[in-house]
Every structure is written in C-alpha cells, then in structure tokens.
Amino acid sequence: MSVTGKIYGINGPIITIKGNLGFQMSEMVYVGEQRLVGEVIALNKQETVIQVFEETTGLRPGQAVEGAGSAICVTLAPGIITNIFDGIERPLQLIGEENGAYIPRGVSVDLLDKSRLWEAKICVKCGDVVSGGTIIAQVPETSAILHKVMVPPDMDGTVIWTAEDGSYTIEDPLVTIRKPDGSEAALTMTQRWPIRIPRPIHRRYPADRPLVTGQRILDTLFPIAKGGTAAIPGGFGTGKTMTQHQLAKWSDADIIIYIGCGERGNEMTNVLEEFSKLTDPKTGNLLMDRTTLIANTSNMPVAAREASIYTGLTLAEYYRDMGYHVAIMADSTSRWAEALRELSGRLEEMPAEEGFPAYLASRLSAFYERAGYVENLNGTDGSVTIIGAVSPQGGDFSEPVTQNTKRFVRCFLALDKALAYARHYPAINWLTSYTEYLGDLENWYGANVGADFIPSRNELLHILTTESRLNEIVKLIGSDVLPDDQKLILEIARVIRLGFLQQNAFHAEDTFVPMEKQLEMMKIILYLYERCRALIELGMPMALLKEDRIFEKIIAIKYDVANKDMYKFEEYRKMIDEFYQRLMESNA
C-alpha cells in the first residue's frame, strides 16, 4: 500500500509534510496534481522532508504527496547505450519529440522503449541453477556492445522454463526460475536498481593496468589505472571539457558514460553533435554506439543535478557486471557540490567551509569509492573508472571541493591557466599534477611496452623539474650567465614541452599516440640530450649546437612520423649521430 500525505511547506525544491505518515528514507514520491518526481531525504516525528527533481512553481500546501513504495531506481535493460537521459533517467530525445525543446513538468514517459523488439539468444536451459549475475540471454544492443541479460543480484533459483531464441521486448519473460522457497519468478531483460546503493561484486582487484588514452602527458607522466579515479581541476577556459572529450574518444574503455552535471547547455549540444559524427577507432562504427549521455544542464532543476551522478554510476556498474570496462566522465563535480550546498541551505543545515555542507567530503568519497577493477558475481572481470572535472571559482585550488577531491583520487591532473593562454594543450601542469598509480603499473609497462619506459619517463620529469628551478634564476639574472650544460637542459626541456607534452587534438597523427610511439619519442629526445651533453663536456658552445636546428626537427617528430611508421625513428637516431659526428669533426 502506498503512503499518501499533504504538502505543508514549500521552499524551492524542498517540500515538507507534517508528521510521520510512514514514508521511508530515500523513497521515491509523486508530488502534486502533476505528479512531480521527488525523494524523501529526512524523517522525524514532526515532519517528512522531500526534495523534488522538477520545478516546484505552482505547487501549494494541501496538495497530495504519494509514495511509490521503493527507493528512486533506474531501469536497466537494452536501449541504454546511444541514449541521452536527464538526471533521473528520463529519455530526453523521446521527451523532445513529444513535447518540444523544453521538458514539461510532471512528464511521464517510459524510461526505455517497451515496444522495441530485441533479438535474444537464450544462454541457459531447464535444470540449470542460476544466481545473481548469471547471464541468461545475450542481445546485440549496438554494433559495438553485446548486452548480457543477467539474473538480478538478489535472486537465485533453478531454471524451469526458457523461451526460444527470437525477438522480444524488454518486458517479455525469457526465463522462469523456482526460488529456494518454492515460489516462481519470471525473468525479463529488465532490472531496476536504487541509484544510491552500489551493485554487489565478488571481490576487488588491485589497480595494475593503465587506462590507455593515447594522450602522451597522461599515459607517460600521469597514468590513470583502469578502475581508478582521477580529477581534472581547472579554471574557466583551461580545457577541462575538451580533455574529457579526448579521453572519451580515445581511451581503451569499452563503454563511456558522459555525465554533464550543471554544465552549459551548448557544451552538451557540442558533445551530442560531435559524438554522433565521430568514428570509433576501435570498431570503425560510430562512437555513440558505445556511449551514453546523462544531461543535467545548468538551467535544469538543481535537485536532479544532485542525483545525476548516481544515475550515471549505476548505469556504469550495470555494464561492468557484464564484464565491460566503463569510463565515467563527470563534468563537473563542482556543480554537483553546488547543488548539495543549495539543498543544504534550504534545509537550514549548519554550513561548513564556504557554505558547503559538513558532509561534502563523505559524499565525494562515496562517489569515487564506487570505482574499481573487480571480479563480478558471474566470474567476469569488469571495471568502472571515474574521471571527474572540478571547476574551482577563479581557479583557486584551495577551495573545499578541490581539496576534498584530492583526498579521494589517486591521479590529480591540474590544468594551468597560463599554459592554456599560451595555447599549450592539454594544459596539464607537470609540476603540480601527480599520480599514485605509477608504482602499481610499473610491471605492466615493463611487460607490455618496454623495460626502459619508466626510467625514460622519470628522466623526462627530472629534466622538467630542473628547468623549473633554472627558470627562477633566469627570471632574476637572465639566461646569458648560465653555463652551457644548464642552457642545454633548458633547450631539451623546451623540446619535451613542445614536442612531447603538447598535443594537437585536430591532427590525424597527433590526436592519438600509441604507447610504442610514446616510448620511442622519449628515447629519441633523451638520446639527443645524451649526445649534446657529450659535446658540451668537450667544450662545444651551446650556440653552435643550436645552429643546426636539430632541436626543431625532433620537436616535429609528433607530426612527421606516422603512428604506423615506427621504423623512421631509426632514421632520426642516425640523424643525431651524423649531427654529433659533424660537430666532433669540426671541433677537431
């Protein structure tokens, strides 16, 4: 029996009901004559507090509030991939077709298409014992994703009937099981799962393999583990969204969940238009064939913004349970934290630093802790990698959201306004960024890329760090007073910055770089450094070394050597040797 109450007070998206009428914590409710969707967020003897996920204009005291009898859930079935949802999994494309450009209040549509037929291949037979996670059918959801229909995590039993292979809707019974208590249950393609409760797993693996992105500064200097967590903080215009776009396009995740949380509507439009035209380099099909978008833009109700990241997380965990590797792009967690702050203020809770609620840190930790590389209930391996953008006001990294995020992520990719204004992209500052995954991934790099990958990476970072110290001296007294060996470090650091760290997303050969080429580029730069250092030690002036324009030729490798033409690196090695020999002979 559903519980019904009446509105007593309204404060923006927060409404109250007098007394304790039997509602449950986190229960979904329908508010007013238009049946606006809401969620119970506080209970005591005197009142029930509800946050409404839609605009509350026009509501008045005395209108009915009806409980749904369950927590707010998402519907999990074929049809999620390629779709775009709002913060509570309502399909925006279908709503747009029926109601125009703006979402009307109280709109009621099927979360997934219940009339579409899917080709299902049954994977179990009568007599099989099944439990949570067991795959009972396979459905080609897109050309890139095979949807695996699973037994819900909280159910088990023995198969007593199966349908034939064929075309079915998401609500047609595929399998009937007899539970241990003797009752029977019909299983369809559809599951429902509460968005705030993590889906169960068997066990969690250590982070021992990277999420390969094809972006040199990430794969080489600051790698992200598959199933790991990363934050991309930066001020306005530093490239947070574009960095996440590159990761969504090129990372070796099977499925991308892109959550636009409180961002501008035109940014989400760009994502939609761009992703619908892009070709997936892994499959040759459209990138949208393995992408789902959650759009809760800045003009949408603030309470739904708070729920949107949990909606995206639950969808990601569902596909992880099938054995897929899923990457979540949350853009941005700062807007989500602002929604928490607004709701907390309307609830009259005691504010903490900068007005954010005292539970900001625990909410952030609960979000990032749902990432991981795991063994699922059905024995498959899957992962959820969370990459969250942070938008600190004025680019101030000391504000609460950035500082608390640093506590819970193991990869921190700090975007720098000065680099962005200098047109250096990705504008990731190599001095303030860090990764804690390097030690965990060392064995993988050694086995799959090369034993000299990590030493080369460390040498590159050492040169960049030394350059930073030397620049402090240069600012005070100029570069002319530096000895030639230090001038060489500044020049090699420039080669690293322009030829390795800077990457052109619009160049066919530079937008994605395989790990093997990244290693060869590092080795060529370090080989040039080694040869030039030998010449400097013999008394060769730095000005003479620069006359040959060898440094510019090495910078241009990223464009001149195609990803498939790895043999050309040997030509560059010979070119450096000839340069060295020529100067040695002239010195003699």
# chains A, B, ... in the order shown; residues from 1 in each chain; ligands from 1
$ residues_around --residues "segment 218-225 of chain A" --least-positions-apart "4" --cutoff "6 Å" --atoms "only C-alpha atoms" --output "PyMOL selection string"
chain A and resi 207+209-211+435
$ closest_atom_pairs --of "segment 390-457 of chain A" --to "segment 341-358 of chain A" --cutoff "10 Å" --atoms "only C-alpha atoms" --output "CSV"
residue,atom,partner,partner_atom,distance
A:Glu399,CA,A:Glu354,CA,8.0
A:Pro400,CA,A:Glu353,CA,6.8
A:Val401,CA,A:Phe356,CA,8.8
$ write_last_selection --atoms "N, CA, C and O atoms" --output "compact mmCIF listing (two decimals), in the first residue's frame"
# COMPACT_ATOMS: atom_id res chain seq x y z
N GLU A 399 40.07 25.77 -2.61
CA GLU A 399 38.66 25.76 -2.19
C GLU A 399 38.24 24.34 -1.82
O GLU A 399 38.90 23.35 -2.17
N PRO A 400 37.14 24.17 -1.08
CA PRO A 400 36.80 22.89 -0.45
C PRO A 400 36.61 21.71 -1.41
O PRO A 400 37.03 20.60 -1.11
N VAL A 401 35.96 21.92 -2.56
CA VAL A 401 35.69 20.79 -3.45
C VAL A 401 36.99 20.21 -3.99
O VAL A 401 37.19 18.99 -3.99
$ closest_atom_pairs --of "segment 34-120 of chain A" --to "segment 166-169 of chain A" --cutoff "7 Å" --atoms "only C-alpha atoms" --output "CSV"
residue,atom,partner,partner_atom,distance
A:Lys114,CA,A:Thr169,CA,6.1
A:Ser115,CA,A:Thr169,CA,6.0
A:Arg116,CA,A:Thr169,CA,5.7
A:Leu117,CA,A:Thr169,CA,4.7
A:Trp118,CA,A:Ser167,CA,5.2
A:Glu119,CA,A:Ser167,CA,4.5
A:Ala120,CA,A:Gly166,CA,5.5
$ residues_around --residues "Gly539 of chain A" --least-positions-apart "4" --cutoff "10 Å" --atoms "only C-alpha atoms" --output "VMD selection string"
chain A and resid 484 to 485 533 to 535 587
$ select_by_dssp --residues "segment 72-302 of chain A" --states "strand (DSSP E or B)" --output "MDAnalysis selection string"
chainID A and resid 73:76 84:85 91 118:122 129:130 135:140 146:150 157:162 166:168 175:178 184:187 191:194 203:205 210 225 229:233 255:261 279 286 291:296
$ residues_around --residues "Ser26 of chain A" --least-positions-apart "6" --cutoff "9 Å" --atoms "only C-alpha atoms" --output "list of chain:residue names"
A:Glu39, A:Val40, A:Ile41, A:Ala42, A:Ile50, A:Ser70, A:Ala71, A:Ile72, A:Arg196
$ residues_around --residues "Ala389 of chain A" --least-positions-apart "5" --cutoff "10 Å" --atoms "only C-alpha atoms" --output "ChimeraX atom specification"
/A:230-234,240-241,243-244,329-335,402,413
$ residues_around --residues "Arg531 of chain A" --least-positions-apart "3" --cutoff "10 Å" --atoms "only C-alpha atoms" --output "PyMOL selection string"
chain A and resi 526-528+534-536+576-577+579-581
$ select_by_dssp --residues "segment 54-249 of chain A" --states "helix (DSSP H, G or I)" --output "JSON, numbers by chain"
{"A": [92, 93, 94, 95, 96, 97, 98, 99, 216, 217, 218, 219, 220, 221, 240, 241, 242, 243, 244, 245, 246, 247, 248, 249]}
$ atom_distance --atom1 "atom CA of Tyr359 of chain A" --atom2 "atom CA of Thr405 of chain A"
12.9 Å
$ residues_around --residues "Gly450 of chain A" --least-positions-apart "2" --cutoff "12 Å" --atoms "only C-alpha atoms" --output "list in words"
Glu442, Asn443, Trp444, Tyr445, Gly446, Ala447, Asn448, Asp452, Phe453, Ile454, Pro455, Ser456, Arg457, Met515, Glu516, Lys517, Gln518, Leu519, Glu520, Met522 and Lys523 of chain A
$ atom_distance --atom1 "atom CA of Pro541 of chain A" --atom2 "atom CA of Met575 of chain A"
20.0 Å
$ closest_residue --among "A:Pro173, A:Gly262, A:Pro61, A:Gly133" --to "Leu377 of chain A" --atoms "only C-alpha atoms"
A:Gly133
$ atom_distance --atom1 "atom CA of Gly265 of chain A" --atom2 "atom CA of Asn429 of chain A"
28.2 Å
$ closest_residue --among "A:Val212, A:Leu431, A:Ala303, A:Ile257" --to "Val37 of chain A" --atoms "only C-alpha atoms"
A:Ala303
$ closest_residue --among "A:Val271, A:Val109, A:Ile259, A:Leu278" --to "Ile386 of chain A" --atoms "only C-alpha atoms"
A:Ile259
$ decode --residues "segment 571-585 of chain A" --atoms "N, CA, C and O atoms" --output "PDB file, in the first residue's frame"
ATOM      1  N   GLU A 571      65.903   6.349 -38.386  1.00  0.00           N
ATOM      2  CA  GLU A 571      66.448   7.401 -39.234  1.00  0.00           C
ATOM      3  C   GLU A 571      66.795   8.639 -38.406  1.00  0.00           C
ATOM      4  O   GLU A 571      67.813   9.307 -38.657  1.00  0.00           O
ATOM      5  N   TYR A 572      65.960   8.946 -37.411  1.00  0.00           N
ATOM      6  CA  TYR A 572      66.248  10.089 -36.549  1.00  0.00           C
ATOM      7  C   TYR A 572      67.465   9.820 -35.669  1.00  0.00           C
ATOM      8  O   TYR A 572      68.256  10.730 -35.382  1.00  0.00           O
ATOM      9  N   ARG A 573      67.641   8.562 -35.267  1.00  0.00           N
ATOM     10  CA  ARG A 573      68.815   8.211 -34.475  1.00  0.00           C
ATOM     11  C   ARG A 573      70.088   8.431 -35.313  1.00  0.00           C
ATOM     12  O   ARG A 573      71.084   8.963 -34.817  1.00  0.00           O
ATOM     13  N   LYS A 574      70.024   8.013 -36.577  1.00  0.00           N
ATOM     14  CA  LYS A 574      71.171   8.212 -37.468  1.00  0.00           C
ATOM     15  C   LYS A 574      71.428   9.706 -37.695  1.00  0.00           C
ATOM     16  O   LYS A 574      72.577  10.145 -37.771  1.00  0.00           O
ATOM     17  N   MET A 575      70.323  10.480 -37.803  1.00  0.00           N
ATOM     18  CA  MET A 575      70.461  11.923 -38.000  1.00  0.00           C
ATOM     19  C   MET A 575      71.173  12.558 -36.811  1.00  0.00           C
ATOM     20  O   MET A 575      72.045  13.435 -36.973  1.00  0.00           O
ATOM     21  N   ILE A 576      70.854  12.133 -35.592  1.00  0.00           N
ATOM     22  CA  ILE A 576      71.511  12.665 -34.392  1.00  0.00           C
ATOM     23  C   ILE A 576      72.981  12.254 -34.373  1.00  0.00           C
ATOM     24  O   ILE A 576      73.870  13.054 -34.017  1.00  0.00           O
ATOM     25  N   ASP A 577      73.265  11.008 -34.781  1.00  0.00           N
ATOM     26  CA  ASP A 577      74.660  10.551 -34.825  1.00  0.00           C
ATOM     27  C   ASP A 577      75.468  11.363 -35.837  1.00  0.00           C
ATOM     28  O   ASP A 577      76.626  11.726 -35.582  1.00  0.00           O
ATOM     29  N   GLU A 578      74.862  11.639 -36.990  1.00  0.00           N
ATOM     30  CA  GLU A 578      75.549  12.444 -38.010  1.00  0.00           C
ATOM     31  C   GLU A 578      75.799  13.861 -37.500  1.00  0.00           C
ATOM     32  O   GLU A 578      76.869  14.447 -37.742  1.00  0.00           O
ATOM     33  N   PHE A 579      74.824  14.414 -36.810  1.00  0.00           N
ATOM     34  CA  PHE A 579      74.966  15.743 -36.205  1.00  0.00           C
ATOM     35  C   PHE A 579      76.127  15.742 -35.205  1.00  0.00           C
ATOM     36  O   PHE A 579      76.984  16.640 -35.211  1.00  0.00           O
ATOM     37  N   TYR A 580      76.185  14.710 -34.380  1.00  0.00           N
ATOM     38  CA  TYR A 580      77.249  14.583 -33.375  1.00  0.00           C
ATOM     39  C   TYR A 580      78.608  14.455 -34.059  1.00  0.00           C
ATOM     40  O   TYR A 580      79.573  15.135 -33.685  1.00  0.00           O
ATOM     41  N   GLN A 581      78.684  13.601 -35.080  1.00  0.00           N
ATOM     42  CA  GLN A 581      79.943  13.354 -35.770  1.00  0.00           C
ATOM     43  C   GLN A 581      80.436  14.614 -36.491  1.00  0.00           C
ATOM     44  O   GLN A 581      81.637  14.935 -36.482  1.00  0.00           O
ATOM     45  N   ARG A 582      79.497  15.340 -37.082  1.00  0.00           N
ATOM     46  CA  ARG A 582      79.839  16.554 -37.812  1.00  0.00           C
ATOM     47  C   ARG A 582      80.477  17.599 -36.882  1.00  0.00           C
ATOM     48  O   ARG A 582      81.483  18.233 -37.224  1.00  0.00           O
ATOM     49  N   LEU A 583      79.871  17.769 -35.721  1.00  0.00           N
ATOM     50  CA  LEU A 583      80.409  18.746 -34.767  1.00  0.00           C
ATOM     51  C   LEU A 583      81.737  18.270 -34.177  1.00  0.00           C
ATOM     52  O   LEU A 583      82.625  19.085 -33.899  1.00  0.00           O
ATOM     53  N   MET A 584      81.850  16.969 -33.963  1.00  0.00           N
ATOM     54  CA  MET A 584      83.124  16.440 -33.456  1.00  0.00           C
ATOM     55  C   MET A 584      84.250  16.699 -34.452  1.00  0.00           C
ATOM     56  O   MET A 584      85.373  17.078 -34.074  1.00  0.00           O
ATOM     57  N   GLU A 585      83.965  16.487 -35.754  1.00  0.00           N
ATOM     58  CA  GLU A 585      84.993  16.707 -36.770  1.00  0.00           C
ATOM     59  C   GLU A 585      85.344  18.184 -36.882  1.00  0.00           C
ATOM     60  O   GLU A 585      86.517  18.539 -37.056  1.00  0.00           O
TER      61      GLU A 585
END
